[in-house]
$ cat entry.cif   # mmCIF, C-alpha atoms
data_start
loop_
_atom_site.label_atom_id
_atom_site.label_comp_id
_atom_site.auth_asym_id
_atom_site.auth_seq_id
_atom_site.Cartn_x
_atom_site.Cartn_y
_atom_site.Cartn_z
CA MET A 1 89.25 -258.57 -137.71
CA ARG A 2 87.23 -261.53 -138.95
CA LEU A 3 83.75 -261.92 -137.49
CA ARG A 4 82.18 -265.39 -137.10
CA ARG A 5 78.55 -265.86 -136.12
CA PHE A 6 76.62 -268.74 -134.55
CA THR A 7 72.87 -269.03 -134.01
CA GLY A 8 70.69 -271.38 -131.97
CA ARG A 9 67.91 -271.29 -129.39
CA SER A 10 67.91 -271.41 -125.62
CA MET A 11 65.61 -270.42 -122.75
CA GLY A 12 62.74 -269.90 -125.16
CA SER A 13 64.50 -267.35 -127.34
CA ALA A 14 67.21 -267.01 -129.95
CA LEU A 15 70.82 -267.45 -128.86
CA ARG A 16 73.48 -265.78 -130.99
CA LEU A 17 77.23 -265.53 -130.62
CA ALA A 18 79.54 -263.24 -132.59
CA VAL A 19 83.26 -263.95 -132.35
CA ALA A 20 85.79 -261.31 -133.44
CA GLY A 21 89.25 -262.62 -134.28
CA GLY A 22 90.79 -265.92 -133.33
CA SER A 23 90.67 -269.13 -135.31
CA THR A 24 87.68 -271.10 -136.53
CA THR A 25 88.44 -273.68 -133.85
CA ASP A 26 88.45 -270.96 -131.16
CA ALA A 27 85.09 -269.67 -132.32
CA GLY A 28 83.59 -273.16 -132.37
CA LEU A 29 84.83 -273.88 -128.86
CA ALA A 30 83.40 -270.59 -127.58
CA TRP A 31 80.01 -271.30 -129.15
CA GLU A 32 79.88 -274.82 -127.77
CA ALA A 33 80.76 -273.64 -124.26
CA ALA A 34 78.18 -270.85 -124.31
CA ARG A 35 75.43 -273.06 -125.74
CA ARG A 36 76.08 -275.82 -123.21
CA GLU A 37 76.03 -273.39 -120.26
CA MET A 38 72.77 -271.82 -121.42
CA ALA A 39 71.17 -275.24 -121.84
CA GLU A 40 72.22 -276.32 -118.36
CA THR A 41 70.96 -273.06 -116.89
CA ASP A 42 67.63 -273.54 -118.65
CA ALA A 43 67.35 -277.11 -117.36
CA GLU A 44 67.94 -275.92 -113.80
CA LEU A 45 66.12 -272.59 -113.67
CA SER A 46 63.20 -272.85 -116.10
CA ARG A 47 59.73 -272.66 -114.57
CA PHE A 48 58.38 -274.03 -117.85
CA GLN A 49 60.05 -277.42 -117.30
CA ALA A 50 58.53 -279.71 -114.68
CA THR A 51 61.88 -281.43 -114.17
CA SER A 52 63.88 -278.27 -113.39
CA ALA A 53 65.28 -277.62 -109.92
CA LEU A 54 63.21 -274.42 -109.78
CA SER A 55 59.98 -276.31 -110.47
CA ALA A 56 60.85 -278.80 -107.73
CA ALA A 57 61.48 -275.92 -105.34
CA ASN A 58 58.24 -274.22 -106.35
CA ARG A 59 56.28 -277.39 -105.60
CA LEU A 60 57.64 -277.30 -102.03
CA SER A 61 57.01 -273.57 -101.55
CA GLY A 62 54.69 -272.65 -98.72
CA SER A 63 55.01 -276.11 -97.11
CA GLY A 64 57.77 -275.11 -94.72
CA ALA A 65 59.98 -277.88 -96.12
CA TRP A 66 63.65 -277.27 -96.82
CA PHE A 67 64.99 -278.18 -100.25
CA PRO A 68 68.59 -278.60 -101.41
CA ALA A 69 69.48 -276.03 -104.06
CA PRO A 70 72.03 -276.87 -106.74
CA SER A 71 74.59 -274.21 -107.60
CA ARG A 72 72.71 -272.25 -110.28
CA LEU A 73 69.40 -272.27 -108.41
CA ARG A 74 71.13 -271.19 -105.23
CA ARG A 75 72.78 -268.26 -106.99
CA MET A 76 69.51 -267.33 -108.70
CA LEU A 77 67.55 -267.33 -105.44
CA VAL A 78 70.17 -265.28 -103.61
CA ALA A 79 70.42 -262.77 -106.48
CA SER A 80 66.62 -262.47 -106.69
CA HIS A 81 66.34 -261.88 -102.97
CA ARG A 82 69.01 -259.20 -103.13
CA ALA A 83 67.36 -257.59 -106.16
CA MET A 84 64.07 -257.40 -104.22
CA ARG A 85 65.79 -255.52 -101.44
CA VAL A 86 67.89 -253.22 -103.63
CA SER A 87 64.98 -252.28 -105.89
CA GLY A 88 62.66 -251.59 -102.98
CA GLY A 89 60.38 -254.44 -104.02
CA ARG A 90 59.90 -253.37 -107.65
CA PHE A 91 61.76 -256.49 -108.72
CA ASP A 92 59.86 -259.41 -107.25
CA PRO A 93 60.22 -263.08 -108.31
CA ARG A 94 56.83 -263.88 -106.74
CA VAL A 95 55.00 -262.30 -109.68
CA VAL A 96 54.78 -265.82 -111.10
CA GLU A 97 51.34 -266.10 -109.48
CA ALA A 98 50.14 -262.88 -111.12
CA LEU A 99 51.47 -264.09 -114.48
CA GLU A 100 49.60 -267.36 -114.13
CA ALA A 101 46.48 -265.42 -113.11
CA ILE A 102 46.47 -263.38 -116.33
CA GLY A 103 47.08 -266.38 -118.52
CA GLU A 104 50.82 -266.91 -118.90
CA HIS A 105 50.69 -270.56 -117.84
CA ALA A 106 53.96 -272.43 -117.54
CA GLY A 107 52.22 -275.80 -117.71
CA VAL A 108 53.68 -276.76 -114.36
CA ASP A 109 51.33 -276.98 -111.40
CA LEU A 110 52.02 -274.64 -108.52
CA PRO A 111 50.79 -275.21 -104.96
CA ASP A 112 48.02 -272.98 -103.61
CA ARG A 113 49.40 -272.78 -100.07
CA ARG A 114 51.37 -269.76 -98.90
CA ALA A 115 53.52 -269.46 -95.78
CA ALA A 116 53.75 -266.37 -93.61
CA GLY A 117 56.99 -264.44 -93.17
CA GLY A 118 59.73 -263.63 -95.64
CA TRP A 119 59.78 -265.11 -99.12
CA LEU A 120 63.15 -266.89 -98.82
CA GLU A 121 64.97 -268.53 -95.93
CA ARG A 122 68.40 -270.13 -96.07
CA ASP A 123 69.52 -272.94 -93.79
CA ALA A 124 72.53 -271.67 -91.86
CA ARG A 125 74.25 -275.06 -91.86
CA SER A 126 73.72 -276.36 -95.38
CA PRO A 127 72.87 -275.06 -98.89
CA ARG A 128 69.17 -275.61 -98.33
CA PHE A 129 66.37 -273.10 -98.74
CA ARG A 130 62.66 -272.84 -98.18
CA MET A 131 60.29 -270.48 -99.91
CA ALA A 132 57.01 -269.02 -98.71
CA ALA A 133 55.75 -268.67 -102.30
CA PRO A 134 56.81 -269.92 -105.75
CA ALA A 135 59.33 -267.92 -107.77
CA ASP A 136 59.89 -266.98 -111.40
CA SER A 137 63.47 -267.02 -112.66
CA GLY A 138 62.36 -264.67 -115.48
CA GLY A 139 64.75 -262.00 -116.65
CA ILE A 140 67.26 -262.46 -113.86
CA GLY A 141 67.53 -266.16 -114.77
CA LYS A 142 68.27 -265.28 -118.37
CA GLY A 143 70.73 -262.60 -117.26
CA LEU A 144 72.54 -265.06 -115.02
CA GLY A 145 72.60 -267.62 -117.81
CA LEU A 146 74.13 -265.01 -120.09
CA ARG A 147 76.72 -264.14 -117.43
CA TRP A 148 77.73 -267.78 -116.99
CA ALA A 149 77.63 -268.62 -120.70
CA LEU A 150 79.84 -265.65 -121.61
CA ALA A 151 82.29 -266.64 -118.86
CA ALA A 152 82.37 -270.21 -120.22
CA ALA A 153 82.97 -268.96 -123.77
CA ARG A 154 85.61 -266.55 -122.52
CA ALA A 155 87.46 -269.39 -120.83
CA ALA A 156 87.47 -271.37 -124.09
CA VAL A 157 89.28 -268.78 -126.22
CA PRO A 158 92.34 -266.51 -125.93
CA GLY A 159 91.85 -263.11 -124.32
CA ARG A 160 92.42 -261.17 -127.56
CA VAL A 161 89.30 -262.75 -129.11
CA GLY A 162 86.17 -260.63 -128.82
CA LEU A 163 82.80 -262.18 -127.90
CA LEU A 164 79.26 -260.84 -128.17
CA LEU A 165 76.55 -263.12 -126.80
CA ASP A 166 72.90 -262.30 -127.45
CA ALA A 167 70.12 -264.18 -125.67
CA GLY A 168 66.84 -262.89 -127.06
CA GLY A 169 67.70 -259.22 -126.73
CA ASP A 170 69.87 -259.42 -123.63
CA VAL A 171 73.40 -258.84 -124.91
CA ALA A 172 76.78 -259.21 -123.18
CA ALA A 173 80.19 -258.34 -124.61
CA SER A 174 83.67 -259.44 -123.67
CA GLY A 175 86.81 -258.18 -125.36
CA PRO A 176 87.13 -256.08 -128.51
CA GLY A 177 84.65 -255.81 -131.37
CA PRO A 178 85.46 -256.50 -135.02
CA ASP A 179 87.16 -253.12 -135.43
CA GLY A 180 89.39 -253.80 -132.44
CA LEU A 181 87.41 -251.33 -130.32
CA ALA A 182 83.91 -251.68 -128.89
CA TRP A 183 80.97 -253.74 -130.12
CA SER A 184 78.10 -251.79 -131.64
CA VAL A 185 74.64 -252.72 -130.33
CA GLY A 186 71.38 -251.22 -131.53
CA ILE A 187 68.38 -250.41 -129.32
CA GLU A 188 65.34 -251.70 -131.20
CA ASP A 189 62.29 -249.59 -131.81
CA PRO A 190 59.67 -251.73 -129.99
CA VAL A 191 57.00 -250.66 -132.46
CA ARG A 192 59.13 -251.34 -135.57
CA PRO A 193 61.78 -253.87 -134.48
CA GLU A 194 63.56 -253.71 -137.83
CA ARG A 195 64.50 -250.13 -137.00
CA VAL A 196 66.94 -249.02 -134.28
CA LEU A 197 66.36 -245.96 -132.08
CA ALA A 198 69.99 -245.58 -131.06
CA THR A 199 73.31 -247.38 -131.18
CA VAL A 200 75.55 -248.07 -128.21
CA ALA A 201 79.26 -248.85 -127.92
CA LEU A 202 79.67 -251.85 -125.66
CA ARG A 203 82.85 -253.46 -124.39
CA ASP A 204 83.12 -255.77 -121.38
CA ALA A 205 79.57 -254.85 -120.43
CA ALA A 206 75.98 -255.95 -120.94
CA ILE A 207 72.77 -254.35 -122.13
CA ALA A 208 69.16 -255.47 -121.60
CA THR A 209 65.73 -254.17 -122.50
CA SER A 210 62.30 -254.57 -120.96
CA SER A 211 59.43 -253.80 -123.28
CA ILE A 212 55.67 -254.27 -123.29
CA ALA A 213 55.35 -254.01 -127.05
CA HIS A 214 55.67 -257.71 -127.92
CA ARG A 215 54.83 -260.11 -125.13
CA ARG A 216 51.16 -259.12 -125.08
CA TRP A 217 48.04 -261.22 -125.19
CA THR A 218 44.34 -260.87 -124.47
CA HIS A 219 42.98 -262.05 -121.15
CA ALA A 220 39.39 -261.65 -119.98
CA GLY A 221 38.75 -259.35 -122.89
CA ARG A 222 41.61 -256.94 -122.33
CA SER A 223 45.17 -256.62 -123.59
CA VAL A 224 47.77 -257.60 -120.99
CA HIS A 225 51.54 -257.95 -120.91
CA HIS A 226 54.22 -259.70 -118.88
CA LEU A 227 55.63 -256.78 -116.86
CA ILE A 228 53.76 -257.16 -113.59
CA ASP A 229 53.74 -254.42 -110.97
CA PRO A 230 54.22 -256.30 -107.64
CA ARG A 231 52.38 -253.52 -105.81
CA THR A 232 49.14 -254.20 -107.72
CA GLY A 233 49.67 -257.69 -109.09
CA LEU A 234 48.58 -256.36 -112.49
CA PRO A 235 50.39 -255.50 -115.72
CA ALA A 236 52.13 -252.17 -115.16
CA GLU A 237 50.75 -249.03 -116.78
CA THR A 238 53.59 -246.55 -116.51
CA GLY A 239 53.53 -244.39 -119.63
CA LEU A 240 56.63 -246.22 -120.88
CA VAL A 241 57.00 -248.62 -123.80
CA SER A 242 60.52 -249.88 -123.22
CA VAL A 243 63.51 -249.36 -120.94
CA THR A 244 67.10 -250.31 -121.77
CA VAL A 245 69.97 -250.44 -119.28
CA ALA A 246 73.68 -251.02 -119.90
CA LEU A 247 75.68 -252.32 -116.98
CA GLY A 248 78.68 -254.49 -116.24
CA ASP A 249 76.56 -257.55 -115.55
CA PRO A 250 73.61 -258.85 -117.63
CA ALA A 251 71.60 -260.12 -114.65
CA TRP A 252 71.66 -256.73 -112.96
CA ALA A 253 70.98 -254.97 -116.23
CA GLU A 254 67.77 -257.07 -116.35
CA VAL A 255 66.91 -256.18 -112.75
CA TRP A 256 67.25 -252.46 -113.42
CA THR A 257 65.32 -252.45 -116.68
CA LYS A 258 62.30 -253.84 -114.83
CA SER A 259 62.77 -251.67 -111.76
CA LEU A 260 63.09 -248.50 -113.82
CA PHE A 261 60.14 -249.50 -115.98
CA LEU A 262 58.01 -249.77 -112.86
CA ALA A 263 59.29 -246.40 -111.63
CA GLY A 264 57.16 -244.93 -114.41
CA ARG A 265 57.50 -242.05 -116.83
CA HIS A 266 57.58 -239.35 -114.14
CA ASP A 267 60.23 -240.88 -111.87
CA ILE A 268 62.46 -242.93 -114.15
CA GLY A 269 64.82 -240.10 -115.05
CA GLN A 270 65.47 -239.00 -111.50
CA GLU A 271 65.95 -242.55 -110.26
CA ALA A 272 68.23 -243.60 -113.11
CA ARG A 273 70.38 -240.50 -112.70
CA ALA A 274 70.52 -240.89 -108.92
CA ARG A 275 71.88 -244.41 -109.39
CA ASN A 276 74.18 -243.27 -112.20
CA LEU A 277 72.68 -245.88 -114.52
CA ALA A 278 73.16 -245.82 -118.27
CA ALA A 279 69.48 -245.99 -119.22
CA TRP A 280 67.42 -245.27 -122.35
CA TRP A 281 63.63 -245.22 -122.25
CA LEU A 282 60.91 -244.80 -124.83
CA GLU A 283 57.72 -243.11 -123.72
CA GLU A 284 54.28 -243.74 -125.12
CA ASP A 285 54.46 -240.51 -127.16
CA GLY A 286 57.44 -241.98 -129.06
CA SER A 287 60.13 -239.83 -127.45
CA LEU A 288 63.44 -241.43 -126.50
CA HIS A 289 65.19 -240.23 -123.36
CA LEU A 290 68.59 -241.14 -121.95
CA THR A 291 70.68 -240.45 -118.87
CA PRO A 292 74.09 -238.70 -118.90
CA ALA A 293 75.74 -242.09 -118.31
CA ALA A 294 73.90 -243.49 -121.33
CA ARG A 295 74.91 -240.51 -123.44
CA GLN A 296 78.55 -241.44 -122.92
CA LEU A 297 77.93 -244.86 -124.48
CA THR A 298 75.61 -243.69 -127.24
CA THR A 299 77.12 -243.41 -130.72
CA TRP A 300 74.00 -242.51 -132.70
CA VAL A 301 70.39 -241.50 -132.01
CA ALA A 302 67.77 -241.77 -134.74
CA SER A 303 65.73 -238.75 -133.61
CA GLU A 304 68.82 -236.55 -133.47
CA ALA A 305 70.01 -237.72 -136.88
CA SER A 306 66.62 -236.98 -138.47
CA ALA A 307 66.59 -233.52 -136.88
CA ALA A 308 70.03 -232.64 -138.28
CA MET B 1 137.05 -171.47 8.23
CA ALA B 2 133.95 -171.98 6.49
CA ALA B 3 133.39 -175.40 5.14
CA ARG B 4 133.08 -175.67 1.40
CA ARG B 5 129.57 -176.66 0.39
CA PRO B 6 129.38 -179.15 -2.40
CA LEU B 7 128.10 -177.67 -5.65
CA LEU B 8 125.21 -180.08 -6.13
CA HIS B 9 122.64 -177.47 -7.23
CA LEU B 10 124.49 -176.74 -10.46
CA PRO B 11 123.93 -180.10 -12.13
CA ALA B 12 120.37 -180.09 -10.84
CA LEU B 13 119.72 -176.69 -12.39
CA ALA B 14 121.34 -177.78 -15.63
CA ALA B 15 119.17 -180.88 -15.82
CA ALA B 16 116.02 -178.93 -15.06
CA GLY B 17 116.86 -176.40 -17.73
CA THR B 18 117.51 -179.04 -20.30
CA THR B 19 114.27 -180.75 -19.53
CA LEU B 20 112.34 -177.51 -19.78
CA TYR B 21 113.99 -176.75 -23.14
CA ALA B 22 113.17 -180.18 -24.56
CA ALA B 23 109.57 -179.95 -23.48
CA SER B 24 109.26 -176.50 -25.00
CA LEU B 25 110.81 -177.71 -28.23
CA GLY B 26 108.44 -180.69 -28.43
CA PHE B 27 105.45 -178.46 -27.87
CA VAL B 28 106.51 -176.04 -30.54
CA THR B 29 107.16 -178.87 -33.01
CA GLY B 30 103.74 -180.41 -32.39
CA GLN B 31 102.09 -177.04 -32.89
CA GLN B 32 103.86 -176.58 -36.21
CA ALA B 33 102.90 -180.06 -37.46
CA ALA B 34 99.28 -179.49 -36.60
CA THR B 35 99.30 -176.17 -38.36
CA ASP B 36 100.87 -177.75 -41.48
CA ALA B 37 98.27 -180.54 -41.58
CA ARG B 38 95.44 -178.07 -41.38
CA ALA B 39 96.94 -176.03 -44.18
CA VAL B 40 97.31 -179.11 -46.41
CA ALA B 41 93.72 -180.18 -45.70
CA GLN B 42 92.45 -176.73 -46.55
CA ARG B 43 94.35 -176.74 -49.88
CA GLU B 44 93.23 -180.27 -51.03
CA PRO B 45 89.90 -179.24 -52.67
CA LEU B 46 91.74 -176.59 -54.60
CA ARG B 47 94.28 -179.15 -55.78
CA GLN B 48 91.55 -181.59 -56.86
CA ALA B 49 89.74 -178.84 -58.72
CA ALA B 50 92.94 -177.92 -60.50
CA VAL B 51 93.50 -181.58 -61.57
CA GLU B 52 89.96 -181.99 -62.88
CA ALA B 53 90.12 -178.75 -64.76
CA GLY B 54 93.29 -179.95 -66.44
CA SER B 55 91.70 -183.26 -67.47
CA ARG B 56 88.61 -181.58 -68.91
CA GLY B 57 90.78 -179.27 -70.86
CA GLU B 58 92.53 -182.25 -72.48
CA GLN B 59 89.18 -183.85 -73.40
CA VAL B 60 87.94 -180.66 -74.95
CA ALA B 61 91.14 -180.38 -76.94
CA ALA B 62 90.78 -184.01 -78.23
CA ALA B 63 87.14 -183.44 -79.24
CA ALA B 64 88.12 -180.31 -81.07
CA GLN B 65 90.83 -182.28 -82.90
CA ARG B 66 88.34 -184.96 -83.98
CA ALA B 67 85.86 -182.37 -85.15
CA ALA B 68 88.56 -180.72 -87.21
CA GLU B 69 89.49 -184.05 -88.84
CA ALA B 70 85.83 -184.86 -89.65
CA LEU B 71 85.42 -181.47 -91.18
CA GLN B 72 88.49 -182.08 -93.32
CA ARG B 73 87.14 -185.40 -94.53
CA ALA B 74 83.76 -183.93 -95.37
CA SER B 75 85.48 -181.20 -97.27
CA ASP B 76 87.55 -183.73 -99.25
CA GLY B 77 84.42 -185.81 -100.06
CA TYR B 78 82.58 -182.78 -101.27
CA ALA B 79 85.45 -181.88 -103.53
CA ALA B 80 85.57 -185.39 -105.00
CA ALA B 81 81.79 -185.50 -105.55
CA LEU B 82 82.01 -182.19 -107.25
CA ALA B 83 84.64 -183.55 -109.65
CA GLU B 84 82.50 -186.63 -110.47
CA SER B 85 79.47 -184.51 -110.94
CA ALA B 86 81.36 -182.57 -113.53
CA THR B 87 82.24 -185.82 -115.35
CA VAL B 88 78.61 -186.97 -115.31
CA ASP B 89 77.49 -183.62 -116.56
CA GLU B 90 79.91 -183.96 -119.48
CA ALA B 91 78.70 -187.51 -120.28
CA LEU B 92 75.08 -186.36 -120.22
CA ARG B 93 75.91 -183.56 -122.55
CA LEU B 94 77.57 -185.96 -125.01
CA LEU B 95 74.61 -188.33 -124.78
CA ALA B 96 72.22 -185.53 -125.45
CA ASP B 97 74.25 -184.61 -128.54
CA ARG B 98 74.13 -188.22 -129.80
CA VAL B 99 70.39 -188.55 -129.18
CA ALA B 100 69.85 -185.41 -131.09
CA ALA B 101 72.01 -186.71 -133.95
CA ALA B 102 70.23 -190.08 -133.98
CA THR B 103 66.85 -188.45 -133.94
CA GLY B 104 67.85 -186.39 -136.89
CA ALA B 105 69.20 -189.44 -138.73
CA ALA B 106 66.04 -191.46 -137.98
CA ALA B 107 63.92 -188.67 -139.30
CA SER B 108 65.87 -188.71 -142.54
CA LEU B 109 65.38 -192.50 -143.15
CA PRO B 110 63.01 -193.58 -145.92
CA ASP B 111 59.69 -195.16 -144.95
CA ARG B 112 60.27 -198.27 -147.06
CA ILE B 113 63.36 -199.96 -148.49
CA GLN B 114 63.74 -202.73 -151.04
CA LEU B 115 65.76 -205.70 -149.77
CA ALA B 116 67.68 -207.96 -152.09
CA ALA B 117 66.16 -211.44 -152.55
CA PRO B 118 67.88 -213.93 -150.19
CA ARG B 119 70.00 -216.67 -151.71
CA THR B 120 68.81 -220.08 -150.56
CA SER B 121 70.26 -223.56 -150.79
CA VAL B 122 68.95 -226.95 -149.72
CA VAL B 123 71.28 -229.27 -147.84
CA THR B 124 70.24 -232.87 -147.40
CA VAL B 125 71.88 -234.61 -144.46
CA VAL B 126 71.98 -238.35 -144.82
CA THR B 127 72.42 -239.91 -141.43
CA GLN B 128 72.22 -243.63 -141.12
CA ALA B 129 72.69 -245.80 -138.10
CA PRO B 130 76.17 -247.28 -137.84
CA ALA B 131 76.46 -251.01 -138.45
CA VAL B 132 75.52 -253.04 -135.40
CA GLN B 133 76.53 -256.56 -134.40
CA ALA B 134 73.42 -257.16 -132.25
CA THR B 135 70.26 -255.48 -131.08
CA THR B 136 68.58 -255.29 -127.70
CA GLY B 137 64.82 -255.22 -127.59
CA ALA B 138 61.73 -257.15 -126.68
CA SER B 139 62.76 -260.15 -124.67
CA GLY B 140 62.06 -263.51 -126.19
CA ARG B 141 62.69 -262.56 -129.81
#
$ encode --input "entry.cif" --output "structure tokens"
Amino acid sequence: MRLRRFTGRSMGSALRLAVAGGSTTDAGLAWEAARREMAETDAELSRFQATSALSAANRLSGSGAWFPAPSRLRRMLVASHRAMRVSGGRFDPRVVEALEAIGEHAGVDLPDRRAAGGWLERDARSPRFRMAAPADSGGIGKGLGLRWALAAARAAVPGRVGLLLDAGGDVAASGPGPDGLAWSVGIEDPVRPERVLATVALRDAAIATSSIAHRRWTHAGRSVHHLIDPRTGLPAETGLVSVTVALGDPAWAEVWTKSLFLAGRHDIGQEARARNLAAWWLEEDGSLHLTPAARQLTTWVASEASAA
Amino acid sequence: MAARRPLLHLPALAAAGTTLYAASLGFVTGQQAATDARAVAQREPLRQAAVEAGSRGEQVAAAAQRAAEALQRASDGYAAALAESATVDEALRLLADRVAAATGAAASLPDRIQLAAPRTSVVTVVTQAPAVQATTGASGR
């Protein structure tokens, strides 16, 4: 089955689409639909753009004022709120303040005021919200963008055409791969990204990774990274280097990679197994671990191949 | 001519006699009933004693029957244990024979033996990752 590839950029990272089968016109239509949806999501949910709906909402946070939320922002806020509850607070969109505090500035001013009570309230009579503190769309925003972009691309081509959409390491698949079966996705070694630690068979599912190996910088004389532990407000030190989760939906795959990362080296296995998640995690000593659900999707593991 | 006197005394005598006989009969009957009751009352303890003795005899007979059955079972168990004991004795005897044989064989072994050099071969397994269409990793790349 012929494979066509497209490459661009969106939401601050590379955007790639692989199309298996179909005509050249089909592939072009799928790419255009996916790229347009990602761009619109970025324009609405980016905290790095002063004109985005999220930035407008953040400016009103803590004031007690209600703001109208367009469709994507509304869905992002509701999903984030649910993720906070389901993850027991490990996933928290309010870490935007901690990120700003350690130097990841979005270039968009945030108000200093904070309101008491819950983070998010929804007007019962209209699609309006008010927030007690500003929010970061972060990984869940990218995951939602990937969900919507893949759906848009899917709608543009016949069902027999396979699609693999990759937004900076978050990957979602729909339909068959080039061999007519599943798509093959590699889990990068965060220390040597040109090398893969394992390969995964993916079909009609998504896979996402949270890692502290790359988005690092120095702040106040010490090395910091972007994975903030909401319990401390500081970059998480968990004994883990990266966590990968495969799930039906890319937004929730993102939520669980962060939540499991913050569970830490000692608890991640038990929690991932209890939730029956397909999860792979790399510990600081270089060992790769995976859950039984992940084993079912895994087609190759570097450490097992080298031991053979 | 002498006038005939009516014979009224005859029925009167007959009635008096009948009455006297009935009273005598009632008295005698009462005496006999009283005598019978006394005799029955005097015999009752003896009757009770006879009944109890019969019951105890039955209990003793049942206990004797149970004891006989238990004795039979114990006898059977002893016989069976005796048979197994004989089997174990035979197995121990065979084992003793084998130990003796093995001890003799061990004593006849040489102190050192020369083993043939092992044949070795080197197998190189080439395992490469299957082709992938995308990778998941550090976000933002």
$ residues_around --input "entry.cif" --residues "A:Thr232" --least-positions-apart "4" --cutoff "10 Å" --atoms "only C-alpha atoms" --output "list in words"
Ala98, Ile228 and Ala236 of chain A
$ atom_distance --input "entry.cif" --atom1 "atom CA of A:His226" --atom2 "atom CA of A:Gly103"
9.8 Å
$ interface_residues --input "entry.cif" --of "chain A" --to "chain B" --cutoff "7 Å" --atoms "all atoms listed in the file" --output "list of chain:residue names"
A:Gly12, A:Ser13, A:Ala14, A:Gly168, A:Gly169, A:Asp170, A:Val171, A:Trp183, A:Ser184, A:Val185, A:Gly186, A:Ile187, A:Glu188, A:Pro190, A:Ala208, A:Thr209, A:Ser210, A:Ser211, A:His214, A:Trp300, A:Ala305, A:Ala308
$ resolve_selection --input "entry.cif" --expression "the PyMOL selection byres ((chain A and resi 141) around 12)" --output "ChimeraX atom specification"
/A:11,38,40-47,54,72-80,93,135-140,142-149,167,170,250-255
$ residues_around --input "entry.cif" --residues "A:Thr257" --least-positions-apart "5" --cutoff "6 Å" --atoms "all atoms listed in the file" --output "list in words"
Ser210, Val243, Thr244 and Val245 of chain A
$ residues_around --input "entry.cif" --residues "A:Leu110" --least-positions-apart "4" --cutoff "8 Å" --atoms "all atoms listed in the file" --output "list in words"
Asn58, Arg59 and Pro134 of chain A
$ residues_around --input "entry.cif" --residues "stretch 151-165 of chain A" --least-positions-apart "4" --cutoff "7 Å" --atoms "all atoms listed in the file" --output "PyMOL selection string"
chain A and resi 16-22+26+29-31+33-34+147+171-177
$ residues_around --input "entry.cif" --residues "stretch 289-299 of chain A" --least-positions-apart "6" --cutoff "9 Å" --atoms "all atoms listed in the file" --output "list in words"
Ser184, Ala198, Thr199, Val200, Ala201, Leu202, Val245, Ala246, Gly269, Ala272, Arg273, Asn276, Leu277, Ala278, Ala279, Trp280, Trp281, Leu282 and Glu283 of chain A; Ala129 and Pro130 of chain B
$ atom_distance --input "entry.cif" --atom1 "atom CA of A:Ala263" --atom2 "atom CA of A:Val86"
13.6 Å
$ atom_distance --input "entry.cif" --atom1 "atom CA of A:Ala53" --atom2 "atom CA of A:Gly89"
24.4 Å
$ residues_near_point --input "entry.cif" --point "(47.8, -273.1, -96.4)" --cutoff "10 Å" --atoms "all atoms listed in the file" --output "ChimeraX atom specification"
/A:62-63,111-116
$ build_atoms --input "entry.cif" --residues "stretch 236-246 of chain A" --atoms "N, CA and C atoms" --output "PDB file, in the coordinates of the input"
ATOM      1  N   ALA A 236      51.819-253.565-115.510  1.00  0.00           N
ATOM      2  CA  ALA A 236      52.130-252.170-115.160  1.00  0.00           C
ATOM      3  C   ALA A 236      51.684-251.222-116.261  1.00  0.00           C
ATOM      4  N   GLU A 237      51.078-250.119-115.860  1.00  0.00           N
ATOM      5  CA  GLU A 237      50.750-249.030-116.780  1.00  0.00           C
ATOM      6  C   GLU A 237      51.549-247.825-116.313  1.00  0.00           C
ATOM      7  N   THR A 238      52.638-247.535-117.019  1.00  0.00           N
ATOM      8  CA  THR A 238      53.590-246.550-116.510  1.00  0.00           C
ATOM      9  C   THR A 238      53.832-245.379-117.464  1.00  0.00           C
ATOM     10  N   GLY A 239      53.235-245.418-118.647  1.00  0.00           N
ATOM     11  CA  GLY A 239      53.530-244.390-119.630  1.00  0.00           C
ATOM     12  C   GLY A 239      54.796-244.666-120.419  1.00  0.00           C
ATOM     13  N   LEU A 240      55.403-245.837-120.185  1.00  0.00           N
ATOM     14  CA  LEU A 240      56.630-246.220-120.880  1.00  0.00           C
ATOM     15  C   LEU A 240      56.358-247.406-121.803  1.00  0.00           C
ATOM     16  N   VAL A 241      57.119-247.479-122.876  1.00  0.00           N
ATOM     17  CA  VAL A 241      57.000-248.620-123.800  1.00  0.00           C
ATOM     18  C   VAL A 241      58.176-249.575-123.615  1.00  0.00           C
ATOM     19  N   SER A 242      59.361-249.012-123.426  1.00  0.00           N
ATOM     20  CA  SER A 242      60.520-249.880-123.220  1.00  0.00           C
ATOM     21  C   SER A 242      61.582-249.132-122.414  1.00  0.00           C
ATOM     22  N   VAL A 243      62.391-249.901-121.709  1.00  0.00           N
ATOM     23  CA  VAL A 243      63.510-249.360-120.940  1.00  0.00           C
ATOM     24  C   VAL A 243      64.736-250.232-121.205  1.00  0.00           C
ATOM     25  N   THR A 244      65.844-249.604-121.519  1.00  0.00           N
ATOM     26  CA  THR A 244      67.100-250.310-121.770  1.00  0.00           C
ATOM     27  C   THR A 244      68.148-249.844-120.759  1.00  0.00           C
ATOM     28  N   VAL A 245      68.909-250.777-120.233  1.00  0.00           N
ATOM     29  CA  VAL A 245      69.970-250.440-119.280  1.00  0.00           C
ATOM     30  C   VAL A 245      71.253-251.148-119.686  1.00  0.00           C
ATOM     31  N   ALA A 246      72.353-250.422-119.677  1.00  0.00           N
ATOM     32  CA  ALA A 246      73.680-251.020-119.900  1.00  0.00           C
ATOM     33  C   ALA A 246      74.436-251.019-118.585  1.00  0.00           C
TER      34      ALA A 246
END
